Amino acid sequence: MGIFKDILRTEEELEQLAGKPGDLVNNKVIGNLDHHCRHFIS
């Protein structure tokens with residue numbers, strides 16, 4: 001048995017616990033790595 005009682009296994013479980021992300025969060029989502037992301041990673 002693990003040390004954690006409750007483990008979130010799905011996105012739906014996370015949404016039940018924390019709610020859906022708002023527009024501020026959703027506006028940060030990008031579909032690819034832009035120049036800034038690649039520079040930060042390198």
# chains A, B, ... in the order shown; residues from 1 in each chain; ligands from 1

call {"tool": "residues_around", "arguments": {"residues": "Leu17 (chain A)", "least_positions_apart": "4", "cutoff": "12 Å", "atoms": "only C-alpha atoms", "output": "JSON, numbers by chain"}}
result
{"A": [6, 7, 8, 9, 10, 11, 12, 13, 21]}

call {"tool": "select_by_dssp", "arguments": {"residues": "chain A", "states": "alpha helix (DSSP H)", "output": "ChimeraX atom specification"}}
result
/A:11-18,23-26,35-41

call {"tool": "atom_distance", "arguments": {"atom1": "CA of Cys37 (chain A)", "atom2": "CA of Gly22 (chain A)"}}
result
22.3 Å

call {"tool": "decode", "arguments": {"residues": "region 2-37 of chain A", "atoms": "N, CA, C and O atoms", "output": "PDB file, in the first residue's frame"}}
result
ATOM      1  N   GLY A   2       0.536   2.219  -0.818  1.00  0.00           N
ATOM      2  CA  GLY A   2       1.324   3.436  -0.933  1.00  0.00           C
ATOM      3  C   GLY A   2       1.096   4.389   0.225  1.00  0.00           C
ATOM      4  O   GLY A   2       0.253   4.174   1.093  1.00  0.00           O
ATOM      5  N   ILE A   3       1.853   5.460   0.225  1.00  0.00           N
ATOM      6  CA  ILE A   3       1.753   6.439   1.308  1.00  0.00           C
ATOM      7  C   ILE A   3       0.608   7.420   1.100  1.00  0.00           C
ATOM      8  O   ILE A   3       0.244   8.131   2.014  1.00  0.00           O
ATOM      9  N   PHE A   4       0.031   7.426  -0.097  1.00  0.00           N
ATOM     10  CA  PHE A   4      -1.049   8.351  -0.387  1.00  0.00           C
ATOM     11  C   PHE A   4      -2.387   7.622  -0.319  1.00  0.00           C
ATOM     12  O   PHE A   4      -2.532   6.519  -0.832  1.00  0.00           O
ATOM     13  N   LYS A   5      -3.367   8.257   0.297  1.00  0.00           N
ATOM     14  CA  LYS A   5      -4.704   7.665   0.377  1.00  0.00           C
ATOM     15  C   LYS A   5      -5.436   7.787  -0.949  1.00  0.00           C
ATOM     16  O   LYS A   5      -6.013   6.831  -1.444  1.00  0.00           O
ATOM     17  N   ASP A   6      -5.450   8.989  -1.503  1.00  0.00           N
ATOM     18  CA  ASP A   6      -6.205   9.261  -2.723  1.00  0.00           C
ATOM     19  C   ASP A   6      -5.261   9.617  -3.853  1.00  0.00           C
ATOM     20  O   ASP A   6      -4.399  10.476  -3.712  1.00  0.00           O
ATOM     21  N   ILE A   7      -5.438   8.953  -4.974  1.00  0.00           N
ATOM     22  CA  ILE A   7      -4.612   9.205  -6.152  1.00  0.00           C
ATOM     23  C   ILE A   7      -5.535   9.594  -7.295  1.00  0.00           C
ATOM     24  O   ILE A   7      -6.511   8.888  -7.576  1.00  0.00           O
ATOM     25  N   LEU A   8      -5.254  10.711  -7.929  1.00  0.00           N
ATOM     26  CA  LEU A   8      -6.018  11.132  -9.102  1.00  0.00           C
ATOM     27  C   LEU A   8      -5.492  10.368 -10.303  1.00  0.00           C
ATOM     28  O   LEU A   8      -4.298  10.374 -10.582  1.00  0.00           O
ATOM     29  N   ARG A   9      -6.384   9.714 -11.006  1.00  0.00           N
ATOM     30  CA  ARG A   9      -5.977   8.898 -12.148  1.00  0.00           C
ATOM     31  C   ARG A   9      -6.480   9.444 -13.491  1.00  0.00           C
ATOM     32  O   ARG A   9      -5.989   9.041 -14.533  1.00  0.00           O
ATOM     33  N   THR A  10      -7.438  10.347 -13.438  1.00  0.00           N
ATOM     34  CA  THR A  10      -7.993  10.865 -14.692  1.00  0.00           C
ATOM     35  C   THR A  10      -8.143  12.380 -14.615  1.00  0.00           C
ATOM     36  O   THR A  10      -8.159  12.974 -13.533  1.00  0.00           O
ATOM     37  N   GLU A  11      -8.276  12.983 -15.774  1.00  0.00           N
ATOM     38  CA  GLU A  11      -8.520  14.423 -15.854  1.00  0.00           C
ATOM     39  C   GLU A  11      -9.864  14.768 -15.206  1.00  0.00           C
ATOM     40  O   GLU A  11      -9.996  15.803 -14.557  1.00  0.00           O
ATOM     41  N   GLU A  12     -10.833  13.885 -15.357  1.00  0.00           N
ATOM     42  CA  GLU A  12     -12.151  14.114 -14.761  1.00  0.00           C
ATOM     43  C   GLU A  12     -12.064  14.163 -13.235  1.00  0.00           C
ATOM     44  O   GLU A  12     -12.727  14.982 -12.589  1.00  0.00           O
ATOM     45  N   GLU A  13     -11.263  13.297 -12.635  1.00  0.00           N
ATOM     46  CA  GLU A  13     -11.086  13.315 -11.175  1.00  0.00           C
ATOM     47  C   GLU A  13     -10.435  14.619 -10.725  1.00  0.00           C
ATOM     48  O   GLU A  13     -10.809  15.183  -9.703  1.00  0.00           O
ATOM     49  N   LEU A  14      -9.480  15.095 -11.494  1.00  0.00           N
ATOM     50  CA  LEU A  14      -8.836  16.369 -11.179  1.00  0.00           C
ATOM     51  C   LEU A  14      -9.834  17.513 -11.267  1.00  0.00           C
ATOM     52  O   LEU A  14      -9.871  18.386 -10.397  1.00  0.00           O
ATOM     53  N   GLU A  15     -10.667  17.519 -12.297  1.00  0.00           N
ATOM     54  CA  GLU A  15     -11.674  18.573 -12.451  1.00  0.00           C
ATOM     55  C   GLU A  15     -12.688  18.554 -11.308  1.00  0.00           C
ATOM     56  O   GLU A  15     -13.141  19.598 -10.855  1.00  0.00           O
ATOM     57  N   GLN A  16     -13.042  17.368 -10.823  1.00  0.00           N
ATOM     58  CA  GLN A  16     -13.962  17.274  -9.684  1.00  0.00           C
ATOM     59  C   GLN A  16     -13.341  17.892  -8.443  1.00  0.00           C
ATOM     60  O   GLN A  16     -14.023  18.528  -7.649  1.00  0.00           O
ATOM     61  N   LEU A  17     -12.057  17.712  -8.277  1.00  0.00           N
ATOM     62  CA  LEU A  17     -11.367  18.229  -7.103  1.00  0.00           C
ATOM     63  C   LEU A  17     -11.069  19.724  -7.211  1.00  0.00           C
ATOM     64  O   LEU A  17     -11.326  20.483  -6.289  1.00  0.00           O
ATOM     65  N   ALA A  18     -10.543  20.165  -8.358  1.00  0.00           N
ATOM     66  CA  ALA A  18     -10.054  21.534  -8.488  1.00  0.00           C
ATOM     67  C   ALA A  18     -10.934  22.426  -9.362  1.00  0.00           C
ATOM     68  O   ALA A  18     -10.715  23.633  -9.406  1.00  0.00           O
ATOM     69  N   GLY A  19     -11.882  21.844 -10.070  1.00  0.00           N
ATOM     70  CA  GLY A  19     -12.695  22.621 -10.990  1.00  0.00           C
ATOM     71  C   GLY A  19     -12.017  22.747 -12.345  1.00  0.00           C
ATOM     72  O   GLY A  19     -10.862  22.382 -12.519  1.00  0.00           O
ATOM     73  N   LYS A  20     -12.760  23.260 -13.295  1.00  0.00           N
ATOM     74  CA  LYS A  20     -12.200  23.442 -14.643  1.00  0.00           C
ATOM     75  C   LYS A  20     -11.325  24.693 -14.664  1.00  0.00           C
ATOM     76  O   LYS A  20     -11.620  25.663 -13.982  1.00  0.00           O
ATOM     77  N   PRO A  21     -10.252  24.677 -15.465  1.00  0.00           N
ATOM     78  CA  PRO A  21      -9.405  25.864 -15.563  1.00  0.00           C
ATOM     79  C   PRO A  21     -10.154  27.026 -16.215  1.00  0.00           C
ATOM     80  O   PRO A  21     -10.993  26.815 -17.092  1.00  0.00           O
ATOM     81  N   GLY A  22      -9.831  28.228 -15.796  1.00  0.00           N
ATOM     82  CA  GLY A  22     -10.471  29.418 -16.346  1.00  0.00           C
ATOM     83  C   GLY A  22      -9.809  29.880 -17.630  1.00  0.00           C
ATOM     84  O   GLY A  22      -8.843  29.281 -18.117  1.00  0.00           O
ATOM     85  N   ASP A  23     -10.330  30.958 -18.170  1.00  0.00           N
ATOM     86  CA  ASP A  23      -9.811  31.500 -19.430  1.00  0.00           C
ATOM     87  C   ASP A  23      -8.352  31.915 -19.322  1.00  0.00           C
ATOM     88  O   ASP A  23      -7.581  31.753 -20.268  1.00  0.00           O
ATOM     89  N   LEU A  24      -7.947  32.458 -18.183  1.00  0.00           N
ATOM     90  CA  LEU A  24      -6.556  32.892 -18.012  1.00  0.00           C
ATOM     91  C   LEU A  24      -5.599  31.721 -18.220  1.00  0.00           C
ATOM     92  O   LEU A  24      -4.581  31.843 -18.897  1.00  0.00           O
ATOM     93  N   VAL A  25      -5.949  30.584 -17.682  1.00  0.00           N
ATOM     94  CA  VAL A  25      -5.112  29.383 -17.837  1.00  0.00           C
ATOM     95  C   VAL A  25      -5.206  28.858 -19.264  1.00  0.00           C
ATOM     96  O   VAL A  25      -4.186  28.547 -19.889  1.00  0.00           O
ATOM     97  N   ASN A  26      -6.405  28.745 -19.787  1.00  0.00           N
ATOM     98  CA  ASN A  26      -6.581  28.204 -21.135  1.00  0.00           C
ATOM     99  C   ASN A  26      -5.893  29.045 -22.195  1.00  0.00           C
ATOM    100  O   ASN A  26      -5.442  28.510 -23.214  1.00  0.00           O
ATOM    101  N   ASN A  27      -5.782  30.345 -21.985  1.00  0.00           N
ATOM    102  CA  ASN A  27      -5.118  31.211 -22.959  1.00  0.00           C
ATOM    103  C   ASN A  27      -3.608  31.001 -23.002  1.00  0.00           C
ATOM    104  O   ASN A  27      -2.954  31.461 -23.932  1.00  0.00           O
ATOM    105  N   LYS A  28      -3.058  30.297 -22.028  1.00  0.00           N
ATOM    106  CA  LYS A  28      -1.615  30.019 -22.009  1.00  0.00           C
ATOM    107  C   LYS A  28      -1.254  28.752 -22.777  1.00  0.00           C
ATOM    108  O   LYS A  28      -0.088  28.478 -22.988  1.00  0.00           O
ATOM    109  N   VAL A  29      -2.238  27.974 -23.171  1.00  0.00           N
ATOM    110  CA  VAL A  29      -1.998  26.709 -23.856  1.00  0.00           C
ATOM    111  C   VAL A  29      -1.593  26.984 -25.295  1.00  0.00           C
ATOM    112  O   VAL A  29      -2.258  27.742 -26.002  1.00  0.00           O
ATOM    113  N   ILE A  30      -0.490  26.355 -25.717  1.00  0.00           N
ATOM    114  CA  ILE A  30      -0.056  26.458 -27.114  1.00  0.00           C
ATOM    115  C   ILE A  30       0.119  25.046 -27.668  1.00  0.00           C
ATOM    116  O   ILE A  30       0.382  24.102 -26.927  1.00  0.00           O
ATOM    117  N   GLY A  31      -0.027  24.899 -28.951  1.00  0.00           N
ATOM    118  CA  GLY A  31       0.038  23.589 -29.587  1.00  0.00           C
ATOM    119  C   GLY A  31       1.421  23.172 -30.039  1.00  0.00           C
ATOM    120  O   GLY A  31       1.601  22.064 -30.541  1.00  0.00           O
ATOM    121  N   ASN A  32       2.384  24.055 -29.902  1.00  0.00           N
ATOM    122  CA  ASN A  32       3.746  23.737 -30.319  1.00  0.00           C
ATOM    123  C   ASN A  32       4.728  24.523 -29.459  1.00  0.00           C
ATOM    124  O   ASN A  32       4.337  25.420 -28.724  1.00  0.00           O
ATOM    125  N   LEU A  33       5.986  24.164 -29.545  1.00  0.00           N
ATOM    126  CA  LEU A  33       7.026  24.882 -28.811  1.00  0.00           C
ATOM    127  C   LEU A  33       7.491  26.064 -29.648  1.00  0.00           C
ATOM    128  O   LEU A  33       8.060  25.892 -30.719  1.00  0.00           O
ATOM    129  N   ASP A  34       7.251  27.274 -29.150  1.00  0.00           N
ATOM    130  CA  ASP A  34       7.703  28.461 -29.873  1.00  0.00           C
ATOM    131  C   ASP A  34       9.157  28.759 -29.519  1.00  0.00           C
ATOM    132  O   ASP A  34       9.811  28.025 -28.789  1.00  0.00           O
ATOM    133  N   HIS A  35       9.681  29.839 -30.070  1.00  0.00           N
ATOM    134  CA  HIS A  35      11.075  30.221 -29.869  1.00  0.00           C
ATOM    135  C   HIS A  35      11.405  30.364 -28.380  1.00  0.00           C
ATOM    136  O   HIS A  35      12.445  29.909 -27.918  1.00  0.00           O
ATOM    137  N   HIS A  36      10.522  30.957 -27.634  1.00  0.00           N
ATOM    138  CA  HIS A  36      10.765  31.195 -26.218  1.00  0.00           C
ATOM    139  C   HIS A  36      10.850  29.879 -25.447  1.00  0.00           C
ATOM    140  O   HIS A  36      11.713  29.712 -24.580  1.00  0.00           O
ATOM    141  N   CYS A  37       9.971  28.941 -25.759  1.00  0.00           N
ATOM    142  CA  CYS A  37       9.999  27.631 -25.101  1.00  0.00           C
ATOM    143  C   CYS A  37      11.291  26.880 -25.429  1.00  0.00           C
ATOM    144  O   CYS A  37      11.929  26.324 -24.532  1.00  0.00           O
TER     145      CYS A  37
END
